[in-house]
Amino acid sequence: MQIFSTFEYSSYIELAISDLEKKGIKKEDIFIVPLNNRTEDRRIFDSLHRADGVSLIDLGMALATAFSVIGASIGFKLSWGPIYWGIISAFSGFILGLGIKIFMFKVIRKNQRLLRGKHSEVILIVDCHVADAEAVEQTLWKNLALGVSKVRPDGL
């Protein structure tokens with residue numbers, strides 16, 4: 001039987017491996033695969049086929065609405081009238097909101113990701129007998145595994 005588990009890259013992996021070896025699992029039956037970190041920056045703009053659920057235009061639309069109301073109100077006193085000043089104000093508010101969101105994603109969130117030090121996960125694969133599977137699974141959960149899955153040799 002094979003047991004797959006994922007861990008954050010920390011000392012708990014070493015503790016889990018030493019606990020498994022104490023329970024009689026041989027070193028040859030333990031396989032560790034570290035995942036690589038992302039080397040390229042995330043895309044800001046979504047494509048037609050891929051979206052990450054983050055909107056850049058929500059703040060721009062809100063500011064466009066607010067600025068257009070204010071611009072139209074002030075436009076009654078100005079020479080071009082409320083319609084032109086409402087459109088000009090809406091466009092200005094949208095550009096300001098879009099600029100703020102792009103700045104937040106490119107500068108502020110990138111710095112937060114670097115400060116947090118997000119590390120990739122590690123996959124731990126253990127070959128064991130069916131009788132030892134429950135003890136191995138409990139050992140992995142005890143050592144803060146993010147997820148555990150069992151694969152039986154007969155496919156069940």
# chains A, B, ... in the order shown; residues from 1 in each chain; ligands from 1

$ residues_around --residues "A:Gly75" --least-positions-apart "3" --cutoff "12 Å" --atoms "only C-alpha atoms" --output "mmCIF file with N, CA and C atoms, in the first residue's frame"
data_model
loop_
_atom_site.group_PDB
_atom_site.id
_atom_site.type_symbol
_atom_site.label_atom_id
_atom_site.label_comp_id
_atom_site.auth_asym_id
_atom_site.auth_seq_id
_atom_site.Cartn_x
_atom_site.Cartn_y
_atom_site.Cartn_z
ATOM 1 N N PHE A 67 -16.914 59.737 -8.964
ATOM 2 C CA PHE A 67 -16.392 60.931 -9.633
ATOM 3 C C PHE A 67 -17.379 61.476 -10.652
ATOM 4 N N SER A 68 -18.119 60.599 -11.343
ATOM 5 C CA SER A 68 -19.073 61.096 -12.344
ATOM 6 C C SER A 68 -20.224 61.842 -11.683
ATOM 7 N N VAL A 69 -20.676 61.385 -10.532
ATOM 8 C CA VAL A 69 -21.740 62.100 -9.816
ATOM 9 C C VAL A 69 -21.253 63.471 -9.380
ATOM 10 N N ILE A 70 -20.050 63.490 -8.813
ATOM 11 C CA ILE A 70 -19.491 64.776 -8.366
ATOM 12 C C ILE A 70 -19.219 65.681 -9.565
ATOM 13 N N GLY A 71 -18.650 65.110 -10.648
ATOM 14 C CA GLY A 71 -18.356 65.912 -11.834
ATOM 15 C C GLY A 71 -19.601 66.459 -12.494
ATOM 16 N N ALA A 72 -20.665 65.663 -12.549
ATOM 17 C CA ALA A 72 -21.911 66.144 -13.135
ATOM 18 C C ALA A 72 -22.534 67.230 -12.271
ATOM 19 N N LEU A 78 -20.038 74.852 -14.596
ATOM 20 C CA LEU A 78 -18.927 75.030 -15.522
ATOM 21 C C LEU A 78 -19.443 75.190 -16.957
ATOM 22 N N SER A 79 -18.536 75.586 -17.846
ATOM 23 C CA SER A 79 -18.942 75.974 -19.195
ATOM 24 C C SER A 79 -19.350 74.788 -20.074
ATOM 25 N N TRP A 80 -18.773 73.620 -19.932
ATOM 26 C CA TRP A 80 -19.099 72.499 -20.825
ATOM 27 C C TRP A 80 -20.374 71.773 -20.435
ATOM 28 N N GLY A 81 -20.849 71.993 -19.254
ATOM 29 C CA GLY A 81 -22.097 71.374 -18.839
ATOM 30 C C GLY A 81 -21.889 70.077 -18.073
ATOM 31 N N PRO A 82 -22.963 69.541 -17.489
ATOM 32 C CA PRO A 82 -22.851 68.376 -16.606
ATOM 33 C C PRO A 82 -22.529 67.065 -17.335
ATOM 34 N N ILE A 83 -22.933 66.907 -18.578
ATOM 35 C CA ILE A 83 -22.692 65.639 -19.262
ATOM 36 C C ILE A 83 -21.211 65.446 -19.560
ATOM 37 N N TYR A 84 -20.604 66.465 -20.165
ATOM 38 C CA TYR A 84 -19.173 66.353 -20.478
ATOM 39 C C TYR A 84 -18.328 66.205 -19.208
ATOM 40 N N TRP A 85 -18.628 66.998 -18.188
ATOM 41 C CA TRP A 85 -17.842 66.914 -16.952
ATOM 42 C C TRP A 85 -18.112 65.602 -16.206
ATOM 43 N N GLY A 86 -19.291 65.051 -16.332
ATOM 44 C CA GLY A 86 -19.564 63.733 -15.751
ATOM 45 C C GLY A 86 -18.759 62.639 -16.436
ATOM 46 N N ILE A 87 -18.669 62.693 -17.774
ATOM 47 C CA ILE A 87 -17.874 61.702 -18.519
ATOM 48 C C ILE A 87 -16.391 61.861 -18.230
ATOM 49 N N ILE A 88 -15.910 63.089 -18.211
ATOM 50 C CA ILE A 88 -14.493 63.344 -17.908
ATOM 51 C C ILE A 88 -14.157 62.875 -16.499
ATOM 52 N N SER A 89 -15.030 63.154 -15.549
ATOM 53 C CA SER A 89 -14.797 62.739 -14.161
ATOM 54 C C SER A 89 -14.851 61.217 -14.019
#

$ residues_around --residues "A:Asp29" --least-positions-apart "2" --cutoff "7 Å" --atoms "only C-alpha atoms" --output "list of chain:residue names"
A:Ile25, A:Lys26, A:Lys27, A:Phe31, A:Val126, A:Asp127

$ select_by_dssp --residues "chain A" --states "helix (DSSP H, G or I)" --output "PyMOL selection string"
chain A and resi 12-22+27-29+58-75+82-116+130-142

$ write_last_selection --atoms "C-alpha atoms" --output "PDB file, in the first residue's frame"
ATOM      1  CA  TYR A  12       7.890  18.341  10.926  1.00  0.00           C
ATOM      2  CA  ILE A  13       8.870  16.308   7.859  1.00  0.00           C
ATOM      3  CA  GLU A  14      12.009  15.128   9.607  1.00  0.00           C
ATOM      4  CA  LEU A  15      10.026  14.294  12.724  1.00  0.00           C
ATOM      5  CA  ALA A  16       7.516  12.309  10.678  1.00  0.00           C
ATOM      6  CA  ILE A  17      10.285  10.357   8.933  1.00  0.00           C
ATOM      7  CA  SER A  18      12.026   9.528  12.203  1.00  0.00           C
ATOM      8  CA  ASP A  19       8.697   8.402  13.732  1.00  0.00           C
ATOM      9  CA  LEU A  20       8.035   6.189  10.690  1.00  0.00           C
ATOM     10  CA  GLU A  21      11.487   4.630  10.961  1.00  0.00           C
ATOM     11  CA  LYS A  22      10.855   3.943  14.665  1.00  0.00           C
ATOM     12  CA  LYS A  27      14.337   4.121   4.540  1.00  0.00           C
ATOM     13  CA  GLU A  28      13.972   2.529   1.113  1.00  0.00           C
ATOM     14  CA  ASP A  29      10.187   2.657   1.482  1.00  0.00           C
ATOM     15  CA  ASP A  58     -13.794  46.980  -9.235  1.00  0.00           C
ATOM     16  CA  LEU A  59     -12.167  49.969  -7.522  1.00  0.00           C
ATOM     17  CA  GLY A  60     -12.005  51.786 -10.864  1.00  0.00           C
ATOM     18  CA  MET A  61     -15.733  51.348 -11.442  1.00  0.00           C
ATOM     19  CA  ALA A  62     -16.577  52.517  -7.923  1.00  0.00           C
ATOM     20  CA  LEU A  63     -14.403  55.611  -8.281  1.00  0.00           C
ATOM     21  CA  ALA A  64     -15.779  56.250 -11.783  1.00  0.00           C
ATOM     22  CA  THR A  65     -19.315  56.250 -10.380  1.00  0.00           C
ATOM     23  CA  ALA A  66     -18.441  58.549  -7.485  1.00  0.00           C
ATOM     24  CA  PHE A  67     -16.392  60.931  -9.633  1.00  0.00           C
ATOM     25  CA  SER A  68     -19.073  61.096 -12.344  1.00  0.00           C
ATOM     26  CA  VAL A  69     -21.740  62.100  -9.816  1.00  0.00           C
ATOM     27  CA  ILE A  70     -19.491  64.776  -8.366  1.00  0.00           C
ATOM     28  CA  GLY A  71     -18.356  65.912 -11.834  1.00  0.00           C
ATOM     29  CA  ALA A  72     -21.911  66.144 -13.135  1.00  0.00           C
ATOM     30  CA  SER A  73     -22.962  68.106 -10.056  1.00  0.00           C
ATOM     31  CA  ILE A  74     -20.118  70.568 -10.463  1.00  0.00           C
ATOM     32  CA  GLY A  75     -20.637  70.620 -14.255  1.00  0.00           C
ATOM     33  CA  PRO A  82     -22.851  68.376 -16.606  1.00  0.00           C
ATOM     34  CA  ILE A  83     -22.692  65.639 -19.262  1.00  0.00           C
ATOM     35  CA  TYR A  84     -19.173  66.353 -20.478  1.00  0.00           C
ATOM     36  CA  TRP A  85     -17.842  66.914 -16.952  1.00  0.00           C
ATOM     37  CA  GLY A  86     -19.564  63.733 -15.751  1.00  0.00           C
ATOM     38  CA  ILE A  87     -17.874  61.702 -18.519  1.00  0.00           C
ATOM     39  CA  ILE A  88     -14.493  63.344 -17.908  1.00  0.00           C
ATOM     40  CA  SER A  89     -14.797  62.739 -14.161  1.00  0.00           C
ATOM     41  CA  ALA A  90     -15.874  59.106 -14.669  1.00  0.00           C
ATOM     42  CA  PHE A  91     -12.892  58.443 -16.929  1.00  0.00           C
ATOM     43  CA  SER A  92     -10.542  60.112 -14.415  1.00  0.00           C
ATOM     44  CA  GLY A  93     -11.972  58.073 -11.536  1.00  0.00           C
ATOM     45  CA  PHE A  94     -11.654  54.816 -13.490  1.00  0.00           C
ATOM     46  CA  ILE A  95      -8.001  55.516 -14.396  1.00  0.00           C
ATOM     47  CA  LEU A  96      -7.234  56.453 -10.764  1.00  0.00           C
ATOM     48  CA  GLY A  97      -8.874  53.258  -9.417  1.00  0.00           C
ATOM     49  CA  LEU A  98      -7.147  51.058 -11.996  1.00  0.00           C
ATOM     50  CA  GLY A  99      -3.799  52.658 -11.153  1.00  0.00           C
ATOM     51  CA  ILE A 100      -4.328  52.070  -7.422  1.00  0.00           C
ATOM     52  CA  LYS A 101      -5.205  48.383  -7.971  1.00  0.00           C
ATOM     53  CA  ILE A 102      -2.229  47.753 -10.272  1.00  0.00           C
ATOM     54  CA  PHE A 103       0.063  49.430  -7.730  1.00  0.00           C
ATOM     55  CA  MET A 104      -1.383  47.274  -4.950  1.00  0.00           C
ATOM     56  CA  PHE A 105      -0.851  44.021  -6.860  1.00  0.00           C
ATOM     57  CA  LYS A 106       2.557  44.817  -8.308  1.00  0.00           C
ATOM     58  CA  VAL A 107       4.200  46.461  -5.281  1.00  0.00           C
ATOM     59  CA  ILE A 108       2.358  45.863  -2.019  1.00  0.00           C
ATOM     60  CA  ARG A 109       1.224  42.232  -2.473  1.00  0.00           C
ATOM     61  CA  LYS A 110       4.565  41.220  -3.991  1.00  0.00           C
ATOM     62  CA  ASN A 111       6.374  42.616  -0.937  1.00  0.00           C
ATOM     63  CA  GLN A 112       3.948  40.817   1.397  1.00  0.00           C
ATOM     64  CA  ARG A 113       4.597  37.524  -0.411  1.00  0.00           C
ATOM     65  CA  LEU A 114       8.351  38.020  -0.102  1.00  0.00           C
ATOM     66  CA  LEU A 115       8.126  38.926   3.592  1.00  0.00           C
ATOM     67  CA  ARG A 116       5.952  35.924   4.414  1.00  0.00           C
ATOM     68  CA  VAL A 130      -1.891  -2.797   4.726  1.00  0.00           C
ATOM     69  CA  ALA A 131      -1.618  -3.674   8.419  1.00  0.00           C
ATOM     70  CA  ASP A 132       0.715  -0.705   9.042  1.00  0.00           C
ATOM     71  CA  ALA A 133      -1.334   1.798   7.037  1.00  0.00           C
ATOM     72  CA  GLU A 134      -3.413   3.132   9.911  1.00  0.00           C
ATOM     73  CA  ALA A 135      -0.355   3.709  12.135  1.00  0.00           C
ATOM     74  CA  VAL A 136       1.507   5.443   9.296  1.00  0.00           C
ATOM     75  CA  GLU A 137      -1.489   7.671   8.562  1.00  0.00           C
ATOM     76  CA  GLN A 138      -1.856   8.642  12.222  1.00  0.00           C
ATOM     77  CA  THR A 139       1.872   9.418  12.416  1.00  0.00           C
ATOM     78  CA  LEU A 140       1.628  11.706   9.399  1.00  0.00           C
ATOM     79  CA  TRP A 141      -1.426  13.528  10.774  1.00  0.00           C
ATOM     80  CA  LYS A 142       0.294  13.875  14.167  1.00  0.00           C
TER      81      LYS A 142
END

$ atom_distance --atom1 "atom CA of A:Leu35" --atom2 "atom CA of A:His129"
26.6 Å

$ atom_distance --atom1 "atom CA of A:Leu146" --atom2 "atom CA of A:Ser55"
29.0 Å

$ closest_residue --among "A:Ser5, A:Ser149, A:Asn143, A:Ser11" --to "A:Ile30" --atoms "only C-alpha atoms"
A:Ser5

$ residues_around --residues "A:Phe4" --least-positions-apart "3" --cutoff "8 Å" --atoms "only C-alpha atoms" --output "JSON, numbers by chain"
{"A": [123, 124, 125, 126, 148, 149, 150, 151]}

$ write_last_selection --atoms "N, CA and C atoms" --output "short mmCIF file (atom, residue, chain, number, x, y, z; two decimals), in the first residue's frame"
data_model
loop_
_atom_site.label_atom_id
_atom_site.label_comp_id
_atom_site.auth_asym_id
_atom_site.auth_seq_id
_atom_site.Cartn_x
_atom_site.Cartn_y
_atom_site.Cartn_z
N ILE A 123 6.07 16.51 -0.92
CA ILE A 123 5.24 15.31 -1.00
C ILE A 123 6.03 14.16 -0.39
N LEU A 124 5.40 13.44 0.52
CA LEU A 124 6.02 12.29 1.18
C LEU A 124 5.23 11.05 0.79
N ILE A 125 5.92 10.07 0.20
CA ILE A 125 5.29 8.83 -0.23
C ILE A 125 5.88 7.70 0.60
N VAL A 126 5.00 6.90 1.21
CA VAL A 126 5.44 5.80 2.07
C VAL A 126 4.85 4.50 1.52
N VAL A 148 -3.43 13.69 3.48
CA VAL A 148 -2.99 12.30 3.44
C VAL A 148 -3.96 11.51 2.58
N SER A 149 -3.42 10.63 1.73
CA SER A 149 -4.25 9.78 0.89
C SER A 149 -3.63 8.40 0.81
N LYS A 150 -4.47 7.36 0.82
CA LYS A 150 -4.00 5.99 0.73
C LYS A 150 -4.37 5.42 -0.62
N VAL A 151 -3.44 4.65 -1.19
CA VAL A 151 -3.68 3.95 -2.46
C VAL A 151 -3.38 2.48 -2.21
#

$ atom_distance --atom1 "atom CA of A:Val54" --atom2 "atom CA of A:Glu8"
25.2 Å
